[in-house]
>>> print(open('start38.tsv').read())   # TSV, C-alpha atoms
chain	number	residue	atom	x	y	z
A	1	MET	CA	-30.33	-6.72	11.12
A	2	LYS	CA	-28.92	-3.60	12.69
A	3	LEU	CA	-26.19	-3.91	15.31
A	4	SER	CA	-26.98	-1.75	18.28
A	5	GLY	CA	-24.51	0.35	20.20
A	6	PHE	CA	-22.51	1.58	17.21
A	7	GLU	CA	-24.68	4.56	16.30
A	8	ASN	CA	-23.22	6.71	19.09
A	9	ILE	CA	-19.60	6.33	18.02
A	10	ASP	CA	-17.82	9.65	17.50
A	11	PRO	CA	-17.26	10.47	13.76
A	12	GLY	CA	-13.49	10.67	14.33
A	13	VAL	CA	-13.50	7.22	15.90
A	14	ARG	CA	-15.62	5.91	13.00
A	15	ALA	CA	-13.05	7.24	10.55
A	16	PHE	CA	-10.24	5.72	12.62
A	17	ILE	CA	-11.94	2.29	12.51
A	18	LEU	CA	-12.69	2.52	8.79
A	19	ILE	CA	-9.15	3.56	7.85
A	20	THR	CA	-7.59	0.89	10.05
A	21	VAL	CA	-9.75	-1.85	8.56
A	22	ALA	CA	-9.27	-0.56	5.00
A	23	ILE	CA	-5.47	-0.60	5.19
A	24	ALA	CA	-5.16	-3.90	7.06
A	25	TYR	CA	-5.02	-6.21	4.04
A	26	PRO	CA	-2.72	-4.08	1.85
A	27	ALA	CA	-0.30	-3.74	4.78
A	28	TRP	CA	-0.34	-7.50	5.41
A	29	GLU	CA	0.04	-8.31	1.71
A	30	PHE	CA	2.97	-5.90	1.32
A	31	GLY	CA	4.81	-7.59	4.19
A	32	PHE	CA	3.93	-11.10	3.01
A	33	GLU	CA	5.20	-10.51	-0.54
A	34	ILE	CA	8.48	-9.07	0.68
A	35	GLY	CA	8.85	-11.94	3.16
A	36	ALA	CA	7.92	-14.77	0.78
A	37	PHE	CA	9.40	-13.49	-2.47
A	38	GLY	CA	11.88	-10.79	-1.49
A	39	ARG	CA	10.13	-8.28	-3.74
A	40	LEU	CA	6.85	-6.64	-4.64
A	41	PHE	CA	5.04	-7.86	-7.71
A	42	TYR	CA	4.20	-5.47	-10.51
A	43	GLU	CA	0.50	-5.20	-9.67
A	44	LYS	CA	1.28	-3.54	-6.33
A	45	VAL	CA	3.46	-1.00	-8.08
A	46	PHE	CA	0.69	-0.29	-10.59
A	47	VAL	CA	-1.89	0.03	-7.81
A	48	ALA	CA	0.29	2.75	-6.28
A	49	TRP	CA	0.78	4.37	-9.70
A	50	SER	CA	-2.90	4.32	-10.65
A	51	ILE	CA	-4.13	5.75	-7.34
A	52	SER	CA	-1.43	8.45	-7.37
A	53	THR	CA	-2.19	9.33	-11.00
A	54	ALA	CA	-5.93	9.47	-10.40
A	55	LEU	CA	-5.40	11.86	-7.50
A	56	PHE	CA	-2.95	13.92	-9.63
A	57	VAL	CA	-5.59	14.29	-12.37
A	58	VAL	CA	-8.26	15.20	-9.81
A	59	LEU	CA	-5.98	17.88	-8.39
A	60	LEU	CA	-5.42	19.22	-11.92
A	61	ILE	CA	-9.11	19.58	-12.72
A	62	MET	CA	-10.30	20.87	-9.33
A	63	PRO	CA	-11.18	24.57	-9.26
A	64	LYS	CA	-8.03	26.26	-7.96
A	65	GLU	CA	-9.87	29.23	-6.48
A	66	LYS	CA	-11.62	26.92	-3.98
A	67	PHE	CA	-8.72	24.67	-3.11
A	68	ALA	CA	-5.01	25.47	-2.82
A	69	VAL	CA	-3.00	22.37	-3.68
A	70	PRO	CA	0.17	22.05	-1.57
A	71	LYS	CA	3.41	21.63	-3.51
A	72	LEU	CA	4.09	18.37	-1.68
A	73	ALA	CA	0.80	17.01	-3.04
A	74	TRP	CA	1.93	17.71	-6.61
A	75	VAL	CA	5.27	16.01	-6.00
A	76	ALA	CA	3.82	12.99	-4.21
A	77	THR	CA	1.24	12.37	-6.93
A	78	ALA	CA	3.68	12.94	-9.80
A	79	VAL	CA	6.66	10.82	-8.65
A	80	PRO	CA	4.99	7.45	-9.44
A	81	SER	CA	4.38	8.63	-13.04
A	82	LEU	CA	7.99	9.80	-13.21
A	83	TRP	CA	8.96	6.26	-12.18
A	84	LEU	CA	6.81	4.79	-14.98
A	85	VAL	CA	8.30	7.09	-17.63
A	86	LEU	CA	11.80	6.31	-16.39
A	87	ALA	CA	11.00	2.57	-16.51
A	88	LEU	CA	10.07	2.93	-20.18
A	89	VAL	CA	13.30	4.83	-20.88
A	90	VAL	CA	15.42	2.29	-18.98
A	91	HIS	CA	14.02	-0.56	-21.06
A	92	THR	CA	14.85	1.28	-24.30
A	93	ALA	CA	18.38	2.17	-23.13
A	94	PRO	CA	19.52	-0.70	-20.85
A	95	GLU	CA	23.19	0.13	-21.39
A	96	VAL	CA	22.86	3.30	-19.29
A	97	ARG	CA	23.33	1.80	-15.81
A	98	LEU	CA	22.73	5.10	-14.03
A	99	LEU	CA	19.14	5.08	-15.29
A	100	GLY	CA	18.59	1.65	-13.72
A	101	HIS	CA	19.87	2.89	-10.37
A	102	ALA	CA	17.71	6.02	-10.65
A	103	LEU	CA	14.70	3.81	-11.44
A	104	THR	CA	15.29	1.78	-8.28
A	105	VAL	CA	15.66	4.88	-6.09
A	106	ILE	CA	12.61	6.63	-7.56
A	107	GLY	CA	10.57	3.42	-7.30
A	108	PHE	CA	11.52	3.10	-3.65
A	109	ILE	CA	10.63	6.74	-2.99
A	110	ALA	CA	7.35	6.38	-4.88
A	111	TYR	CA	6.22	3.32	-2.94
A	112	VAL	CA	7.62	4.01	0.51
A	113	ALA	CA	7.26	7.80	0.76
A	114	CYS	CA	4.89	9.14	-1.90
A	115	PHE	CA	2.24	6.44	-1.86
A	116	PRO	CA	1.59	6.67	1.90
A	117	TYR	CA	1.32	10.46	1.53
A	118	VAL	CA	-1.12	9.99	-1.38
A	119	ILE	CA	-3.22	7.70	0.80
A	120	TYR	CA	-3.04	10.30	3.59
A	121	MET	CA	-4.25	12.98	1.14
A	122	ALA	CA	-7.10	10.78	-0.06
A	123	VAL	CA	-8.11	10.08	3.53
A	124	SER	CA	-7.90	13.81	4.32
A	125	ILE	CA	-10.28	14.54	1.46
A	126	ALA	CA	-12.68	11.62	1.95
A	127	TYR	CA	-12.65	11.33	5.76
A	128	PRO	CA	-11.72	14.68	7.24
A	129	ASP	CA	-13.23	13.49	10.55
A	130	LEU	CA	-10.15	11.36	11.08
A	131	LEU	CA	-8.06	14.49	11.08
A	132	THR	CA	-10.33	16.24	13.57
A	133	ILE	CA	-8.84	14.05	16.25
A	134	THR	CA	-6.22	16.38	17.64
A	135	ARG	CA	-4.61	13.83	19.91
A	136	ARG	CA	-1.67	12.07	18.31
A	137	GLY	CA	-2.60	8.75	19.93
A	138	PRO	CA	-5.13	7.55	17.33
A	139	ARG	CA	-2.86	8.47	14.40
A	140	ILE	CA	0.09	6.76	16.04
A	141	THR	CA	-2.13	3.75	16.74
A	142	VAL	CA	-3.12	3.51	13.05
A	143	GLY	CA	0.56	3.71	12.10
A	144	ALA	CA	1.50	1.09	14.68
A	145	ILE	CA	-1.25	-1.26	13.47
A	146	VAL	CA	-0.13	-0.86	9.86
A	147	LEU	CA	3.53	-1.37	10.76
A	148	GLY	CA	2.59	-4.36	12.91
A	149	LEU	CA	0.65	-5.93	10.04
A	150	VAL	CA	3.55	-5.34	7.64
A	151	VAL	CA	5.95	-7.01	10.09
A	152	LEU	CA	3.57	-9.92	10.75
A	153	GLY	CA	3.01	-10.31	7.00
A	154	PHE	CA	6.77	-10.35	6.45
A	155	ILE	CA	7.25	-13.00	9.15
A	156	ALA	CA	4.40	-15.08	7.71
A	157	GLY	CA	5.90	-14.69	4.24
A	158	ARG	CA	9.31	-15.85	5.46
A	159	HIS	CA	7.77	-18.87	7.17
A	160	HIS	CA	5.08	-19.71	4.60
A	161	PRO	CA	6.22	-23.36	4.23
A	162	ARG	CA	4.95	-23.96	7.77
A	163	PHE	CA	1.33	-23.29	6.83
A	164	LEU	CA	1.07	-23.08	3.02
A	165	THR	CA	1.92	-25.55	0.28
A	166	CYS	CA	3.19	-25.08	-3.25
A	167	ASP	CA	-0.32	-26.00	-4.37
A	168	ASP	CA	-1.81	-23.13	-2.31
A	169	PHE	CA	0.27	-20.65	-4.31
A	170	ALA	CA	-0.40	-22.34	-7.67
A	171	ILE	CA	-4.18	-22.64	-7.20
A	172	SER	CA	-4.44	-18.98	-6.23
A	173	GLY	CA	-2.61	-17.96	-9.40
A	174	ASN	CA	0.44	-16.69	-7.57
A	175	TYR	CA	4.06	-17.34	-8.33
A	176	VAL	CA	5.20	-20.50	-6.54
A	177	PRO	CA	8.23	-19.68	-4.37
A	178	ALA	CA	11.27	-21.91	-4.66
A	179	ASP	CA	11.19	-22.73	-0.95
A	180	CYS	CA	7.54	-23.80	-0.80
A	181	SER	CA	6.54	-27.11	0.75
A	182	ASP	CA	4.54	-30.00	-0.64
A	183	ARG	CA	3.71	-31.41	2.77
A	184	GLN	CA	0.21	-30.65	3.98
A	185	PRO	CA	0.34	-28.50	7.12
A	186	PRO	CA	-2.54	-28.87	9.55
A	187	THR	CA	-5.33	-26.44	8.71
A	188	PRO	CA	-9.06	-26.33	9.33
A	189	PHE	CA	-9.72	-25.58	5.64
A	190	ARG	CA	-8.57	-28.88	4.10
>>> encode(input="start38.tsv", output="structure tokens")
Amino acid sequence: MKLSGFENIDPGVRAFILITVAIAYPAWEFGFEIGAFGRLFYEKVFVAWSISTALFVVLLIMPKEKFAVPKLAWVATAVPSLWLVLALVVHTAPEVRLLGHALTVIGFIAYVACFPYVIYMAVSIAYPDLLTITRRGPRITVGAIVLGLVVLGFIAGRHHPRFLTCDDFAISGNYVPADCSDRQPPTPFR
């Protein structure tokens, strides 16, 4: 069954919709984990590392005469791997406290600065139509939606006992937070 009315949507608007929908869940989940647990779990860090590393390798093997790779692209895709190498070093030399602090700073930079830029690069390559929109409004709107979902996820994470139980976390295979509730909140799914 084909939905009518969508075939005439501008390619830039299509890209805008696709990107917004694609980043909705990761943005929500990022906020929820920080809100519920006060930290990101390792799989999120490795998602950022694997995507950044894959793009780094692609940039390495692409023909350089057809595509000039910006220096910022090299840095943004390499920093997550630098974090991983430093993490290995820190665990072999835990007595060097400066390395632990450097690991925290580089990890923060990798996830908060480099990873969004890596996603922006991937979008620029895969969906250049999104970047054909010269007005800043759609880009700002995507950013506002993402930020809004992170904030809402954080609030939901902080207040998870109001609508989730300890069993909800356990059944899903997640860590059960210390402040979870055993009382059954009203929900249409039970």
>>> closest_atom_pairs(input="start38.tsv", of="segment 99-175 of chain A", to="segment 44-56 of chain A", cutoff="7 Å", atoms="all atoms listed in the file", output="JSON lines")
{"residue": "A:Tyr111", "atom": "CA", "partner": "A:Ala48", "partner_atom": "CA", "distance": 6.8}
{"residue": "A:Phe115", "atom": "CA", "partner": "A:Ala48", "partner_atom": "CA", "distance": 6.1}
{"residue": "A:Val118", "atom": "CA", "partner": "A:Ser52", "partner_atom": "CA", "distance": 6.2}
>>> residues_around(input="start38.tsv", residues="Pro128 of chain A", least_positions_apart="6", cutoff="10 Å", atoms="all atoms listed in the file", output="PyMOL selection string")
chain A and resi 11-12+15+121-122
>>> atom_distance(input="start38.tsv", atom1="atom CA of Glu95 of chain A", atom2="atom CA of Gly38 of chain A")
25.4 Å
>>> closest_residue(input="start38.tsv", among="A:Leu72, A:Ala126, A:Val151, A:Val85", to="Ala113 of chain A", atoms="only C-alpha atoms")
A:Leu72
>>> residues_near_point(input="start38.tsv", point="(5.2, 12.9, -2.9)", cutoff="9 Å", atoms="only C-alpha atoms", output="PyMOL selection string")
chain A and resi 71-80+109-110+113-118
>>> residues_around(input="start38.tsv", residues="Phe37 of chain A", least_positions_apart="2", cutoff="12 Å", atoms="only C-alpha atoms", output="list in words")
Glu29, Phe30, Gly31, Phe32, Glu33, Ile34, Gly35, Arg39, Leu40, Phe41, Gly153, Phe154, Ile155, Ala156, Gly157, Arg158, His159, His160, Phe169, Asn174, Tyr175, Val176, Pro177, Ala178, Asp179 and Cys180 of chain A
>>> write_last_selection(input="start38.tsv", atoms="C-alpha atoms", output="PDB file, in the coordinates of the input")
ATOM      1  CA  GLU A  29       0.040  -8.310   1.710  1.00  0.00           C
ATOM      2  CA  PHE A  30       2.970  -5.900   1.320  1.00  0.00           C
ATOM      3  CA  GLY A  31       4.810  -7.590   4.190  1.00  0.00           C
ATOM      4  CA  PHE A  32       3.930 -11.100   3.010  1.00  0.00           C
ATOM      5  CA  GLU A  33       5.200 -10.510  -0.540  1.00  0.00           C
ATOM      6  CA  ILE A  34       8.480  -9.070   0.680  1.00  0.00           C
ATOM      7  CA  GLY A  35       8.850 -11.940   3.160  1.00  0.00           C
ATOM      8  CA  ARG A  39      10.130  -8.280  -3.740  1.00  0.00           C
ATOM      9  CA  LEU A  40       6.850  -6.640  -4.640  1.00  0.00           C
ATOM     10  CA  PHE A  41       5.040  -7.860  -7.710  1.00  0.00           C
ATOM     11  CA  GLY A 153       3.010 -10.310   7.000  1.00  0.00           C
ATOM     12  CA  PHE A 154       6.770 -10.350   6.450  1.00  0.00           C
ATOM     13  CA  ILE A 155       7.250 -13.000   9.150  1.00  0.00           C
ATOM     14  CA  ALA A 156       4.400 -15.080   7.710  1.00  0.00           C
ATOM     15  CA  GLY A 157       5.900 -14.690   4.240  1.00  0.00           C
ATOM     16  CA  ARG A 158       9.310 -15.850   5.460  1.00  0.00           C
ATOM     17  CA  HIS A 159       7.770 -18.870   7.170  1.00  0.00           C
ATOM     18  CA  HIS A 160       5.080 -19.710   4.600  1.00  0.00           C
ATOM     19  CA  PHE A 169       0.270 -20.650  -4.310  1.00  0.00           C
ATOM     20  CA  ASN A 174       0.440 -16.690  -7.570  1.00  0.00           C
ATOM     21  CA  TYR A 175       4.060 -17.340  -8.330  1.00  0.00           C
ATOM     22  CA  VAL A 176       5.200 -20.500  -6.540  1.00  0.00           C
ATOM     23  CA  PRO A 177       8.230 -19.680  -4.370  1.00  0.00           C
ATOM     24  CA  ALA A 178      11.270 -21.910  -4.660  1.00  0.00           C
ATOM     25  CA  ASP A 179      11.190 -22.730  -0.950  1.00  0.00           C
ATOM     26  CA  CYS A 180       7.540 -23.800  -0.800  1.00  0.00           C
TER      27      CYS A 180
END
>>> closest_atom_pairs(input="start38.tsv", of="segment 100-186 of chain A", to="segment 86-91 of chain A", cutoff="10 Å", atoms="all atoms listed in the file", output="CSV")
residue,atom,partner,partner_atom,distance
A:Gly100,CA,A:Val90,CA,6.2
A:His101,CA,A:Val90,CA,9.7
A:Ala102,CA,A:Leu86,CA,8.2
A:Leu103,CA,A:Leu86,CA,6.3
A:Thr104,CA,A:Ala87,CA,9.3
A:Ile106,CA,A:Leu86,CA,8.9
A:Gly107,CA,A:Ala87,CA,9.3
>>> atom_distance(input="start38.tsv", atom1="atom CA of Val146 of chain A", atom2="atom CA of Trp28 of chain A")
8.0 Å
>>> atom_distance(input="start38.tsv", atom1="atom CA of Lys66 of chain A", atom2="atom CA of Ala22 of chain A")
29.0 Å
>>> closest_residue(input="start38.tsv", among="A:Ser172, A:Thr141, A:Gln184, A:Thr165", to="Ile19 of chain A", atoms="only C-alpha atoms")
A:Thr141
>>> closest_residue(input="start38.tsv", among="A:Val105, A:Ala27, A:Ile119, A:Val13", to="Trp83 of chain A", atoms="all atoms listed in the file")
A:Val105
